[in-house]
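Engineer: This one is target.cif, mmCIF, C-alpha atoms.
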```
data_query
#
loop_
_atom_site.label_atom_id
_atom_site.label_comp_id
_atom_site.auth_asym_id
_atom_site.auth_seq_id
_atom_site.Cartn_x
_atom_site.Cartn_y
_atom_site.Cartn_z
CA MET M 107 0.00 0.00 0.00
CA LYS M 108 1.45 3.35 -1.07
CA ILE M 109 0.76 6.10 1.45
CA ASN M 110 0.05 9.67 0.36
CA ARG M 111 2.98 11.98 1.10
CA THR M 112 0.87 14.61 2.85
CA LEU M 113 -0.70 11.94 5.03
CA ALA M 114 2.75 10.55 5.85
CA GLU M 115 3.93 14.03 6.82
CA MET M 116 0.84 14.50 9.00
CA LEU M 117 1.41 11.15 10.73
CA ALA M 118 5.08 12.02 11.26
CA GLY M 119 4.02 15.36 12.79
CA ILE M 120 1.52 13.66 15.11
CA PHE M 121 4.14 11.12 16.19
CA PHE M 122 6.73 13.87 16.77
CA LEU M 123 4.28 15.85 18.90
CA GLY M 124 3.61 12.68 20.89
CA ILE M 125 7.31 12.34 21.61
CA VAL M 126 7.57 16.00 22.65
CA CYS M 127 4.56 15.65 24.98
CA GLN M 128 6.02 12.44 26.44
CA ILE M 129 9.31 14.19 27.21
CA ILE M 130 7.56 17.20 28.77
CA GLY M 131 5.27 14.92 30.76
CA ALA M 132 8.29 13.09 32.20
CA PHE M 133 9.17 16.25 34.12
CA VAL M 134 5.68 17.41 35.04
CA VAL M 135 3.43 14.39 35.69
CA SER M 136 3.43 12.26 38.82
CA ASP M 137 1.68 9.14 37.41
CA GLN M 138 3.95 8.45 34.44
CA LEU M 139 2.31 5.19 33.34
CA LEU M 140 -1.24 6.55 33.24
CA TYR M 141 -0.03 9.66 31.44
CA ALA M 142 1.88 7.63 28.85
CA LYS M 143 -1.05 5.27 28.21
CA SER M 144 -3.44 8.21 27.85
CA LEU M 145 -1.06 10.18 25.64
CA TRP M 146 -0.31 7.36 23.21
CA PHE M 147 -3.94 6.30 23.04
CA GLY M 148 -4.80 9.87 22.02
CA ILE M 149 -1.94 9.91 19.51
CA LEU M 150 -3.24 6.64 18.06
CA LEU M 151 -6.73 8.17 17.79
CA ALA M 152 -5.27 11.24 16.05
CA GLY M 153 -3.41 9.05 13.58
CA ALA M 154 -6.49 6.95 12.88
CA SER M 155 -8.52 10.11 12.43
CA ALA M 156 -5.96 11.50 9.95
CA VAL M 157 -6.11 8.28 7.93
CA HIS M 158 -9.92 8.29 8.02
CA MET M 159 -10.00 11.92 6.96
CA TYR M 160 -7.64 11.25 4.05
CA ARG M 161 -9.56 8.20 2.87
CA SER M 162 -12.96 9.88 3.13
CA LEU M 163 -11.74 13.00 1.29
CA ASP M 164 -10.10 10.87 -1.40
CA ARG M 165 -13.28 8.84 -1.86
CA ALA M 166 -15.59 11.86 -1.77
CA LEU M 167 -13.69 13.94 -4.29
CA ASP M 168 -14.16 11.21 -6.88
CA LEU M 169 -17.95 11.54 -6.58
CA GLY M 170 -18.44 15.10 -7.76
CA LYS M 171 -21.54 16.90 -6.49
CA ASP M 172 -22.25 14.45 -3.64
CA ALA M 173 -18.80 15.09 -2.15
CA SER M 174 -19.97 17.56 0.49
CA LYS M 175 -22.47 15.07 1.91
CA ILE M 176 -19.84 12.34 2.13
CA ILE M 177 -17.31 14.69 3.73
CA PHE M 178 -19.82 15.95 6.27
CA ARG M 179 -20.92 12.40 7.14
CA ALA M 180 -17.29 11.34 7.65
CA TYR M 181 -16.73 14.41 9.84
CA LEU M 182 -19.73 13.49 11.98
CA ILE M 183 -18.60 9.88 12.29
CA ARG M 184 -15.15 10.97 13.51
CA TYR M 185 -16.43 13.40 16.09
CA VAL M 186 -19.25 11.21 17.38
CA LEU M 187 -16.75 8.38 17.79
CA ILE M 188 -14.26 10.63 19.63
CA PHE M 189 -17.07 11.94 21.85
CA ALA M 190 -18.17 8.38 22.66
CA ILE M 191 -14.60 7.28 23.40
CA LEU M 192 -14.02 10.26 25.69
CA LEU M 193 -17.34 9.61 27.43
CA ILE M 194 -16.34 6.00 28.08
CA ILE M 195 -12.93 7.11 29.35
CA MET M 196 -14.51 9.67 31.69
CA THR M 197 -17.03 7.14 32.98
CA THR M 198 -14.59 4.29 33.57
CA GLY M 199 -11.56 6.32 34.61
CA VAL M 200 -9.14 3.95 32.85
CA LEU M 201 -7.29 6.83 31.21
CA GLN M 202 -6.96 10.56 31.75
CA PRO M 203 -9.56 12.13 29.44
CA LEU M 204 -7.84 15.51 29.29
CA VAL M 205 -4.55 13.94 28.21
CA VAL M 206 -6.32 11.80 25.59
CA PHE M 207 -8.08 14.90 24.25
CA MET M 208 -4.84 16.91 24.26
CA ALA M 209 -3.11 14.13 22.33
CA TYR M 210 -6.00 13.92 19.88
CA MET M 211 -5.64 17.64 19.25
CA SER M 212 -2.12 16.93 18.02
CA LEU M 213 -3.96 16.23 14.75
CA LYS M 214 -4.83 19.93 14.55
CA VAL M 215 -1.33 21.05 15.55
CA ALA M 216 0.25 18.67 13.03
CA ALA M 217 -2.01 20.09 10.31
CA PHE M 218 -0.93 23.60 11.25
CA LEU M 219 2.75 22.58 11.23
CA GLN M 220 2.48 20.51 8.04
CA PRO M 221 4.30 23.10 5.88
CA VAL M 222 7.27 22.90 8.27
CA THR M 223 7.09 19.10 8.26
CA HIS M 224 6.98 19.21 4.46
CA LYS M 225 10.17 21.28 4.28
CA LEU M 226 11.95 18.91 6.67
CA TRP M 227 10.72 15.90 4.68
CA CYS M 228 12.07 17.45 1.45
CA LYS M 229 15.44 18.17 3.08
CA LEU M 230 15.68 14.58 4.32
CA GLU M 231 14.86 13.30 0.84
CA SER M 232 17.49 15.53 -0.75
CA LEU M 233 20.10 14.31 1.77
CA LYS M 234 19.07 10.74 1.03
CA LYS M 235 19.44 11.27 -2.74
CA GLY M 236 22.75 13.06 -2.27
CA ARG M 237 24.44 9.95 -0.89
#
```
Please go through the file and, once you have read it, give me the structure as structure tokens.

Structural biologist:
Amino acid sequence: MKINRTLAEMLAGIFFLGIVCQIIGAFVVSDQLLYAKSLWFGILLAGASAVHMYRSLDRALDLGKDASKIIFRAYLIRYVLIFAILLIIMTTGVLQPLVVFMAYMSLKVAAFLQPVTHKLWCKLESLKKGR
């Protein structure tokens, strides 16, 4: 399976933000294990959401005039699912819901930083070709 470059850059950005948050949390958080489980679960959700978003946009744009309905339905599915997951987490207390939500929001931060990630990706490719 060939992955779209923009999606790969987004996933790399999400993963990088997860590492940064893990390092910062090591100095700030008292319950390291619960924080790490919550953080990486949220990062996994963000990655899955990015893949779902890419696939639904790719599928919808092939349809023409029905694209907006498909895109909106996919958007609703993602956010209803995230809401349900956070509700379950809050009810059971197995993870820290705020940390899961913060990690999920890495999707938004990675999208904002995607031009920077793109430049870094291009530099790495040029170094790789220069060998």

Engineer: Which residues fall under the PyMOL selection byres ((chain M and resi 153) around 12) in this file, as an NGL selection string?

Structural biologist: :M and (113-124 or 146-152 or 154-160 or 184 or 209-214 or 216-217)

Engineer: Mind pulling up the distance from CA of Ile109 in chain M to CA of Gln220 in chain M?

Structural biologist: 15.9 Å

Engineer: When the PyMOL selection byres ((chain M and resi 204) around 12) is applied to the structure above, which residues does it catch, written out as a count of residues only?

Structural biologist: 21

Engineer: For the PyMOL selection byres ((chain M and resi 177) around 10), applied here, can you spell out every residue it catches as a PDB file with C-alpha atoms, in the coordinates of the input?

Structural biologist:
```pdb
ATOM      1  CA  MET M 159     -10.000  11.920   6.960  1.00  0.00           C
ATOM      2  CA  SER M 162     -12.960   9.880   3.130  1.00  0.00           C
ATOM      3  CA  LEU M 163     -11.740  13.000   1.290  1.00  0.00           C
ATOM      4  CA  ASP M 164     -10.100  10.870  -1.400  1.00  0.00           C
ATOM      5  CA  ARG M 165     -13.280   8.840  -1.860  1.00  0.00           C
ATOM      6  CA  ALA M 166     -15.590  11.860  -1.770  1.00  0.00           C
ATOM      7  CA  LEU M 167     -13.690  13.940  -4.290  1.00  0.00           C
ATOM      8  CA  ASP M 172     -22.250  14.450  -3.640  1.00  0.00           C
ATOM      9  CA  ALA M 173     -18.800  15.090  -2.150  1.00  0.00           C
ATOM     10  CA  SER M 174     -19.970  17.560   0.490  1.00  0.00           C
ATOM     11  CA  LYS M 175     -22.470  15.070   1.910  1.00  0.00           C
ATOM     12  CA  ILE M 176     -19.840  12.340   2.130  1.00  0.00           C
ATOM     13  CA  PHE M 178     -19.820  15.950   6.270  1.00  0.00           C
ATOM     14  CA  ARG M 179     -20.920  12.400   7.140  1.00  0.00           C
ATOM     15  CA  ALA M 180     -17.290  11.340   7.650  1.00  0.00           C
ATOM     16  CA  TYR M 181     -16.730  14.410   9.840  1.00  0.00           C
ATOM     17  CA  LEU M 182     -19.730  13.490  11.980  1.00  0.00           C
ATOM     18  CA  ILE M 183     -18.600   9.880  12.290  1.00  0.00           C
TER      19      ILE M 183
END
```

Engineer: I'd like the interatomic distance between CA of Cys127 in chain M and CA of Thr223 in chain M, to a tenth of an Å.

Structural biologist: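 CA of Cys127 in chain M sits 17.3 Å away from CA of Thr223 in chain M.
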